[in-house]
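K.L.:
Before we start, here is the structure in question, set down as structure tokens.
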Amino acid sequence: MTHANSRLSAKSPHRELWIDYLRSFIIILVVAHHSALAYIKYAHFNKKAYILSTAPVVDVQNWIGLNVLVSFNDIFFMALMFFISGLFVFRTIQNRGGKLFLWDRFKRLFIPFIVGVTILSPIAYYPSYLLAHGNGNVITYLVDFITVEGWPGGPSWFIWLLFLFDILIALIITPLAGSIVKLGECCKRLMNKPFLLLLIVFAITWIIYVPFSMLFGAYGWMGIGPFHVQKNRILLYFVYFIFGVIAGSTAHTTNSFDIDSMFVKRWKTWICLSPIVFFIFLVSYVKLTDNPGKYRLTDVQVQSIVGTIWVASCVLSCSAFLSTFKKITKQNNKFLDSLSPCSFGIYLIHYIMVTWCQFALMQFALVAWIKFAITLIFAFFLSWAISWAIKKNTSINSVI
């Protein structure tokens with residue numbers, strides 16, 4: 001998870017409390033996102049291959065308000081997670097060297113990924129098999145899990161992709177260190193010209209997202225075995241990871257996000273613009289994709305317009321969360337202090353609690369938002385408790 005790349009920083013004098021808290025908040029959004037997927041309006045379940053469904057469990061109850069939550073999260077929070085994951089990479093490699101860095105990442109990312117896709121994901125997806133076939137035979141399920149469903153890894157896809165990005169940056173960081181530092185200093189200066197900074201980030205994001213979405217579609221996935229990734233976003237995530245590496249390359253990460261910079265001082269501006277642009281995206285998406293002929297637009301034009309607004313929403317939402325947490329984090333918060341060390345564990349195991357809770361709630365005639373709330377509360381706090389208990393084991397604690 002995102003804090004896997006900064007746990008070393010949590011033990012160092014360079015620890016950034018606001019980043020810890022932002023990371024923890026994103027974990028809450030992740031659990032909320034997955035808790036909502038069973039109850040969105042456009043949810044559908046494919047019994048022949050449940051991996052083609054919109055979620056592992058789909059309930060007959062739905063609520064359009066959860067469409068808004070899922071859409072908002074989907075636009076920005078994975079890009080922001082990769083950005084945060086890159087923040088401490090440069091200094092860690094500079095201080096420890098590439099080999100030690102990669103060995104640490106192997107233990108803290110790749111080993112949890114293997115556990116996730118071999119143990120946790122099969123448990124999480126078992127309710128899907130029961131819904132599709134009504135047959136609880138475990139052997140038959142596991143054969144179907146690998147051969148028909150293609151070995152879905154669930155949220156673990158983020159972990160292997162982050163590990164791959166770490167490998168790539170470790171290979172190139174030494175010869176490019178000087179250039180990365182120069183870009184970091186440039187980024188720091190641009191913090192006092194926030195509109196120019198966001199325009200540059202917007203342009204780069206547009207180039208790496210819109211054309212690929214036109215080519216591969218907005219929601220298609222690809223993969224071999226448990227190594228899956230969203231086709232149109234792999235470059236987006238890598239570039240945002242690189243953004244994080246660049247932003248964290250200066251002497252201290254706080255220098256890249258100086259609380260006195262205009263970027264942080266305008267945090268209320270980004271908070272206001274983020275939902276406005278997101279609302280414009282929702283309206284344009286519904287209006288243009290439902291009936292493009294009404295506006296005499298081609299598919300390419302529709303994808304260009306919708307994609308451009310999507311990019312603007314992504315950039316502004318990331319900016320809003322980064323600047324707001326930097327601005328408002330002034331002292332320790334007991335809730336977040338307790339949550340932060342467990343966030344990676346929560347990310348690893350929460351999917352099991354989500355899918356099984358959604359599956360259990362299908363027999364109850366409750367409205368969708370109540371089922372969502374029950375799932376969120378149950379999955380979040382049980383995952384937290386289990387993660388906390390696991391971390392009591394010192395050998396496991398070194399991994400999660």
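How things are named: the first chain in the structure tokens is A, the next is B, and so on; residues count from 1 in each chain; ligands count from 1 in the order shown.
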Would you mind listing, for every residue of stretch 295-365 of chain A within 10 Å of stretch 374-378 of chain A, the two atoms forming the shortest contact and the distance between them in Å to one decimal, using only C-alpha atoms, sorted by chain and ascending residue number, as a tab-separated table?

P.N.:
residue	atom	partner	partner_atom	distance
A:His350	CA	A:Phe378	CA	9.5
A:Met353	CA	A:Phe378	CA	7.3
A:Val354	CA	A:Thr375	CA	6.0
A:Thr355	CA	A:Thr375	CA	8.6
A:Trp356	CA	A:Thr375	CA	9.0
A:Cys357	CA	A:Thr375	CA	5.8
A:Gln358	CA	A:Thr375	CA	6.4
A:Phe359	CA	A:Thr375	CA	9.9
A:Ala360	CA	A:Thr375	CA	9.9
A:Leu361	CA	A:Thr375	CA	8.6

K.L.:
At a cut-off of 12 Å, using only C-alpha atoms, what residues contact stretch 46-51 of chain A? Leave out same-chain residues fewer than 3 positions from it and give the result as JSON, numbers by chain.

P.N.:
{"A": [43, 54, 55, 56, 57, 58, 125, 126, 127, 128, 129, 130, 131, 132, 133, 134, 141, 144, 145, 146, 147, 148, 149, 150, 151, 152, 153, 154, 221]}

K.L.:
Go through stretch 189-289 of chain A residue by residue and, counting only C-alpha atoms, keep those with an atom at most 12 Å from stretch 296-320 of chain A; for each kept residue give the shortest atom pair and its distance in Å to one decimal, ordered by chain and increasing number, as a Markdown table.

P.N.:
| residue | atom | partner | partner_atom | distance |
| --- | --- | --- | --- | --- |
| A:Met191 | CA | A:Ser319 | CA | 11.2 |
| A:Pro194 | CA | A:Ser319 | CA | 9.7 |
| A:Phe195 | CA | A:Leu316 | CA | 10.6 |
| A:Leu197 | CA | A:Val315 | CA | 10.5 |
| A:Leu198 | CA | A:Val315 | CA | 7.1 |
| A:Leu199 | CA | A:Val315 | CA | 9.2 |
| A:Ile200 | CA | A:Val315 | CA | 10.3 |
| A:Val201 | CA | A:Val315 | CA | 7.2 |
| A:Phe202 | CA | A:Val315 | CA | 6.3 |
| A:Ala203 | CA | A:Val311 | CA | 8.8 |
| A:Ile204 | CA | A:Val311 | CA | 9.7 |
| A:Thr205 | CA | A:Val311 | CA | 6.5 |
| A:Trp206 | CA | A:Val311 | CA | 6.0 |
| A:Ile207 | CA | A:Val311 | CA | 9.7 |
| A:Ile208 | CA | A:Val311 | CA | 9.9 |
| A:Tyr209 | CA | A:Val311 | CA | 7.7 |
| A:Val210 | CA | A:Gly307 | CA | 5.5 |
| A:Pro211 | CA | A:Ser304 | CA | 8.4 |
| A:Phe212 | CA | A:Gly307 | CA | 10.2 |
| A:Ser213 | CA | A:Gly307 | CA | 7.9 |
| A:Met214 | CA | A:Gln303 | CA | 6.7 |
| A:Leu215 | CA | A:Val300 | CA | 10.2 |
| A:Phe216 | CA | A:Gln303 | CA | 11.8 |
| A:Gly217 | CA | A:Gln303 | CA | 9.5 |
| A:Ala218 | CA | A:Gly307 | CA | 9.1 |
| A:Asn232 | CA | A:Gly307 | CA | 11.6 |
| A:Arg233 | CA | A:Val311 | CA | 11.8 |
| A:Leu236 | CA | A:Val311 | CA | 10.5 |
| A:Tyr237 | CA | A:Cys314 | CA | 11.9 |
| A:Tyr240 | CA | A:Val315 | CA | 10.5 |
| A:Gly244 | CA | A:Cys318 | CA | 11.9 |
| A:Phe257 | CA | A:Ser319 | CA | 11.0 |
| A:Phe263 | CA | A:Ser319 | CA | 8.3 |
| A:Val264 | CA | A:Ser319 | CA | 8.8 |
| A:Lys265 | CA | A:Ala320 | CA | 11.0 |
| A:Arg266 | CA | A:Ala320 | CA | 9.0 |
| A:Trp267 | CA | A:Ala320 | CA | 6.0 |
| A:Lys268 | CA | A:Ala320 | CA | 7.7 |
| A:Thr269 | CA | A:Ala320 | CA | 8.1 |
| A:Trp270 | CA | A:Ala320 | CA | 4.7 |
| A:Ile271 | CA | A:Ala320 | CA | 5.1 |
| A:Cys272 | CA | A:Ala320 | CA | 8.5 |
| A:Leu273 | CA | A:Leu316 | CA | 6.9 |
| A:Ser274 | CA | A:Ser317 | CA | 5.2 |
| A:Pro275 | CA | A:Ser317 | CA | 7.9 |
| A:Ile276 | CA | A:Ser313 | CA | 8.6 |
| A:Val277 | CA | A:Ser313 | CA | 5.5 |
| A:Phe278 | CA | A:Ser313 | CA | 5.4 |
| A:Phe279 | CA | A:Ser313 | CA | 9.0 |
| A:Ile280 | CA | A:Ile309 | CA | 7.5 |
| A:Phe281 | CA | A:Ile309 | CA | 5.6 |
| A:Leu282 | CA | A:Val306 | CA | 8.9 |
| A:Val283 | CA | A:Val306 | CA | 9.6 |
| A:Ser284 | CA | A:Val306 | CA | 6.5 |
| A:Tyr285 | CA | A:Val306 | CA | 6.0 |
| A:Val286 | CA | A:Val306 | CA | 9.7 |
| A:Lys287 | CA | A:Val302 | CA | 10.0 |
| A:Leu288 | CA | A:Val302 | CA | 6.3 |
| A:Thr289 | CA | A:Val302 | CA | 7.1 |

K.L.:
Can you tell me which residues surround A:Phe241 at a distance of at most 8 Å, considering only C-alpha atoms, apart from same-chain residues fewer than 3 positions away, and format the answer as a list in words?

P.N.:
Ala79, Phe82, Phe83, Ile84, Ser85, Gly86, Phe165, Tyr237, Phe238, Gly244 and Val245 of chain A

K.L.:
What is the atom CA of A:Ile370 to atom CA of A:Ser24 distance in Å?

P.N.:
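Computed distance, atom CA of A:Ile370 to atom CA of A:Ser24, equals 23.8 Å.
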
K.L.:
Would you compute the distance between atom CA of A:Leu382 and atom CA of A:Ile75? Give it in Å to one decimal.

P.N.:
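Rounded to one decimal, the two atoms are 27.2 Å apart.
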
K.L.:
I'd like to know which of A:Trp388, A:Met81, A:Tyr295, A:Tyr21 is closest to A:Ile242, using only C-alpha atoms.

P.N.:
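Under the stated criterion, the closest residue is A:Met81.
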